[in-house]
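**Student:** Dumping the structure here so I can ask a few things about it.
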Amino acid sequence: EFMHLKFYSKKKKNKKPKKKSPEGNAESSGVEKEEEKMEKSEPGAAAFPPTFSVSEIKNKQRRHLMFMKFKQEKRKQKMQLKKKKKKEREALGDKAPPKEVPKTIENQRVFDETMVDPEDEEVAFDEATDEFSAYFNGLTNPKVLITTSDRPRGRTVRFCEQLATVIPNAHVYYRRGLALKRVIPQCVARNFTYLMVINEDRKMPNGMVLCHLPDGPTAHFKISSVRLRKEMKRRGKDPTEHSPEVILNNFSTRLGHSIGRLFAALFPQDPQFVGRQVATFHNQRDFIFFRFHRYIFKNEKKVGIQELGPRFTLKLRSLQKGTFDSKFGEYEWVLKVSNFSLRRQKSCDKETN
């Protein structure tokens, strides 16, 4: 132990003090001067770093409060800029420059081969001879049967009931464990033009099979973001029995054209404008957003709208020729999915069967 201590003391003695360079003295003196300035500055001034970010605040509640204040200030600045531009446009009158059109994915899309020209002769011939031609020629009136998978829960049942108030001449029936191959002939015998099946998973609606009768086609959709009427804020009164107007947006490709006609044939061709109700199917990034509104004309220029509900989002999984047949059906289009999603879809098909 003594030897170790002796060696340690010798090693300590051999250390030479470092010489301070004149540059180091200058740097230290600069730091000291800055510290003196900070001490002499006002005591109430907040000393934040120059690049301060809200995300650096570690307290969650404080961070959320600061972020909300930041968003509120940003919104105020945006509104002030909007009012300023509006005043400038009113002052200029007819000489005001045209309004800028916002850039979106849809209006910036480059025209390709999949997009359909409505005036194309081939498209017009296909429309005249497809499964929906009888409806668009006014020979048939839509009649929809809405049902569910086996043993549905309350949320799915309420969703079906609210869909029946949106679609005129729609009837909700309990499934009773019947296979769709037995349900379809009964629907055809009772002059139904559509069969709509709502599937559920974990007590939530997650799929829709829409089958046009008697000759098809059949579309399988994934349902997400379902919100019933009670879950919506500032919703209007329950819809009336008037036939709504139908708006189909961005169904411009060949496949989109077929899906748009599939949705259009759900509703009567003669909307009752007295009810002032509109059903909208908006296609964006291959997701179909459904909304149901009531509108009112406030004056000659302004129109007010009020959402009635329900609202949901659809994603096309497959389009099949003819009526529903999960084993031997011929598919026009199938979404490319991973192995996990494919297994999930097969399980949904089993539930539907």
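Following the order of the structure tokens, first chain is A, next is B, and so on, with residues numbered from 1 inside each chain and ligands from 1 in the order they appear.
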Among the residues of range 54-282 of chain A, find those DSSP assigns to strand (DSSP E) from the backbone and print them as a PyMOL selection string.

**Tutor:** chain A and resi 144-148+170-172+194-201+204-212+218-227+245-249+277-282

**Student:** Extract, using only C-alpha atoms, all DNA, RNA and protein residues at most 12 Å from Gly256 in chain A, discarding same-chain residues fewer than 3 positions from it, and format them as JSON, numbers by chain.

**Tutor:** {"A": [114, 115, 116, 219, 248, 249, 250, 251, 252, 253, 259, 260, 261, 262, 263, 281, 282, 283, 284, 285, 286, 287, 288, 315, 316, 319, 333]}

**Student:** Given the selection you just returned, output its residues as a file containing N, CA, C and O atoms, formatted as a CSV table (one decimal), in the first residue's frame.

**Tutor:**
chain,number,residue,atom,x,y,z
A,114,THR,N,-55.6,5.8,-68.5
A,114,THR,CA,-56.7,5.3,-67.6
A,114,THR,C,-57.8,6.3,-67.5
A,114,THR,O,-58.9,5.9,-67.2
A,115,MET,N,-57.6,7.6,-67.8
A,115,MET,CA,-58.6,8.6,-67.6
A,115,MET,C,-59.6,8.5,-68.8
A,115,MET,O,-59.2,8.3,-69.9
A,116,VAL,N,-60.9,8.7,-68.5
A,116,VAL,CA,-61.9,8.5,-69.5
A,116,VAL,C,-62.5,9.9,-70.0
A,116,VAL,O,-62.7,10.8,-69.2
A,219,ALA,N,-69.1,-5.2,-55.9
A,219,ALA,CA,-68.0,-4.4,-55.4
A,219,ALA,C,-67.8,-4.7,-53.9
A,219,ALA,O,-68.8,-4.7,-53.1
A,248,LEU,N,-71.1,13.2,-57.6
A,248,LEU,CA,-69.9,12.2,-57.8
A,248,LEU,C,-68.7,13.0,-58.3
A,248,LEU,O,-68.7,13.6,-59.4
A,249,ASN,N,-67.7,13.1,-57.4
A,249,ASN,CA,-66.5,13.9,-57.8
A,249,ASN,C,-65.3,13.0,-58.1
A,249,ASN,O,-65.0,12.0,-57.4
A,250,ASN,N,-64.6,13.3,-59.1
A,250,ASN,CA,-63.3,12.7,-59.5
A,250,ASN,C,-63.3,11.2,-59.8
A,250,ASN,O,-62.4,10.5,-59.6
A,251,PHE,N,-64.4,10.7,-60.3
A,251,PHE,CA,-64.5,9.4,-60.8
A,251,PHE,C,-64.2,9.4,-62.3
A,251,PHE,O,-65.0,9.2,-63.2
A,252,SER,N,-62.9,9.7,-62.6
A,252,SER,CA,-62.5,10.0,-64.0
A,252,SER,C,-61.9,8.9,-64.7
A,252,SER,O,-61.8,8.9,-66.0
A,253,THR,N,-61.3,7.9,-64.0
A,253,THR,CA,-60.7,6.7,-64.7
A,253,THR,C,-61.8,5.7,-65.2
A,253,THR,O,-62.9,5.9,-64.9
A,259,ILE,N,-67.4,2.5,-61.0
A,259,ILE,CA,-67.8,2.6,-59.5
A,259,ILE,C,-68.8,3.8,-59.4
A,259,ILE,O,-69.8,3.7,-58.6
A,260,GLY,N,-68.6,4.9,-60.1
A,260,GLY,CA,-69.5,6.0,-60.0
A,260,GLY,C,-70.9,5.7,-60.5
A,260,GLY,O,-71.9,6.1,-59.9
A,261,ARG,N,-71.0,4.9,-61.6
A,261,ARG,CA,-72.3,4.4,-62.0
A,261,ARG,C,-73.0,3.5,-61.0
A,261,ARG,O,-74.2,3.5,-60.9
A,262,LEU,N,-72.1,2.7,-60.4
A,262,LEU,CA,-72.6,1.8,-59.3
A,262,LEU,C,-73.3,2.6,-58.2
A,262,LEU,O,-74.4,2.2,-57.7
A,263,PHE,N,-72.7,3.7,-57.8
A,263,PHE,CA,-73.2,4.5,-56.7
A,263,PHE,C,-74.4,5.3,-57.2
A,263,PHE,O,-75.4,5.5,-56.4
A,281,PHE,N,-70.3,11.7,-53.0
A,281,PHE,CA,-69.3,10.7,-53.0
A,281,PHE,C,-68.1,11.3,-53.7
A,281,PHE,O,-68.0,11.6,-54.9
A,282,HIS,N,-67.1,11.6,-52.8
A,282,HIS,CA,-65.9,12.4,-53.3
A,282,HIS,C,-64.7,11.4,-53.3
A,282,HIS,O,-64.3,10.9,-52.3
A,283,ASN,N,-64.1,11.2,-54.5
A,283,ASN,CA,-63.0,10.3,-54.7
A,283,ASN,C,-61.7,11.1,-54.7
A,283,ASN,O,-61.5,12.0,-55.5
A,284,GLN,N,-60.8,10.8,-53.7
A,284,GLN,CA,-59.5,11.5,-53.6
A,284,GLN,C,-58.5,10.5,-53.1
A,284,GLN,O,-58.7,9.8,-52.1
A,285,ARG,N,-57.4,10.3,-53.9
A,285,ARG,CA,-56.3,9.4,-53.6
A,285,ARG,C,-56.9,8.0,-53.4
A,285,ARG,O,-56.4,7.2,-52.6
A,286,ASP,N,-57.8,7.6,-54.3
A,286,ASP,CA,-58.5,6.3,-54.3
A,286,ASP,C,-59.2,6.0,-53.0
A,286,ASP,O,-59.6,4.8,-52.7
A,287,PHE,N,-59.5,7.0,-52.2
A,287,PHE,CA,-60.4,6.9,-51.0
A,287,PHE,C,-61.7,7.6,-51.4
A,287,PHE,O,-61.7,8.7,-51.9
A,288,ILE,N,-62.9,7.0,-51.1
A,288,ILE,CA,-64.2,7.6,-51.4
A,288,ILE,C,-64.8,8.1,-50.1
A,288,ILE,O,-65.1,7.3,-49.2
A,315,LYS,N,-62.8,2.3,-49.3
A,315,LYS,CA,-61.6,1.9,-50.1
A,315,LYS,C,-62.0,0.7,-50.9
A,315,LYS,O,-62.3,-0.4,-50.3
A,316,LEU,N,-61.9,0.7,-52.2
A,316,LEU,CA,-62.3,-0.4,-53.0
A,316,LEU,C,-61.3,-1.5,-52.9
A,316,LEU,O,-60.1,-1.3,-53.0
A,319,LEU,N,-63.6,-5.6,-57.6
A,319,LEU,CA,-64.8,-5.5,-58.4
A,319,LEU,C,-64.9,-6.8,-59.2
A,319,LEU,O,-64.0,-7.2,-59.9
A,333,TRP,N,-61.2,-6.4,-61.2
A,333,TRP,CA,-60.1,-5.6,-60.6
A,333,TRP,C,-59.9,-6.0,-59.2
A,333,TRP,O,-60.9,-6.2,-58.5

**Student:** When DSSP is applied to the backbone of this structure, which of range 35-154 of chain A are assigned helix (DSSP H, G or I)? Write them out as number ranges by chain.

**Tutor:** A: 35-40, 54-56, 60-95, 121-129, 133-136, 154

**Student:** Would you mind listing what lies within 12 Å of Ser149 in chain A as a PyMOL selection string, with only C-alpha atoms counted and same-chain residues fewer than 6 positions away left out?

**Tutor:** chain A and resi 156-157+160+173-180+196-201+203-209+348-353

**Student:** Which residues of range 213-269 of chain A have any atom within 12 Å of an atom in range 289-306 of chain A when counting only C-alpha atoms, and what is the closest pair of atoms for each, with the distance in Å to one decimal? Order the rows by chain and rising number and write it as CSV.

**Tutor:**
residue,atom,partner,partner_atom,distance
A:Lys222,CA,A:Phe289,CA,11.9
A:Ile223,CA,A:Phe289,CA,10.1
A:Ser224,CA,A:Phe289,CA,9.8
A:Ser225,CA,A:Phe289,CA,9.5
A:Val226,CA,A:Phe290,CA,9.9
A:Arg227,CA,A:Arg291,CA,10.5
A:Leu228,CA,A:Arg291,CA,11.5
A:Arg229,CA,A:Phe292,CA,10.7
A:Met232,CA,A:Gln306,CA,11.3
A:Lys233,CA,A:Gln306,CA,10.6
A:Arg234,CA,A:Gln306,CA,7.9
A:Arg235,CA,A:Gln306,CA,6.5
A:Gly236,CA,A:Gln306,CA,5.9
A:Lys237,CA,A:Gln306,CA,9.2
A:Asp238,CA,A:Arg294,CA,10.1
A:Pro239,CA,A:Arg294,CA,8.2
A:Thr240,CA,A:Arg294,CA,10.0
A:His242,CA,A:Arg294,CA,11.3
A:Ser243,CA,A:Arg294,CA,12.0
A:Pro244,CA,A:Phe292,CA,9.0
A:Glu245,CA,A:Phe292,CA,9.9
A:Val246,CA,A:Phe292,CA,9.5
A:Ile247,CA,A:Arg291,CA,9.9
A:Leu248,CA,A:Phe290,CA,9.9
A:Asn249,CA,A:Phe289,CA,9.8
A:Asn250,CA,A:Phe289,CA,11.3
A:Phe263,CA,A:Phe290,CA,10.8
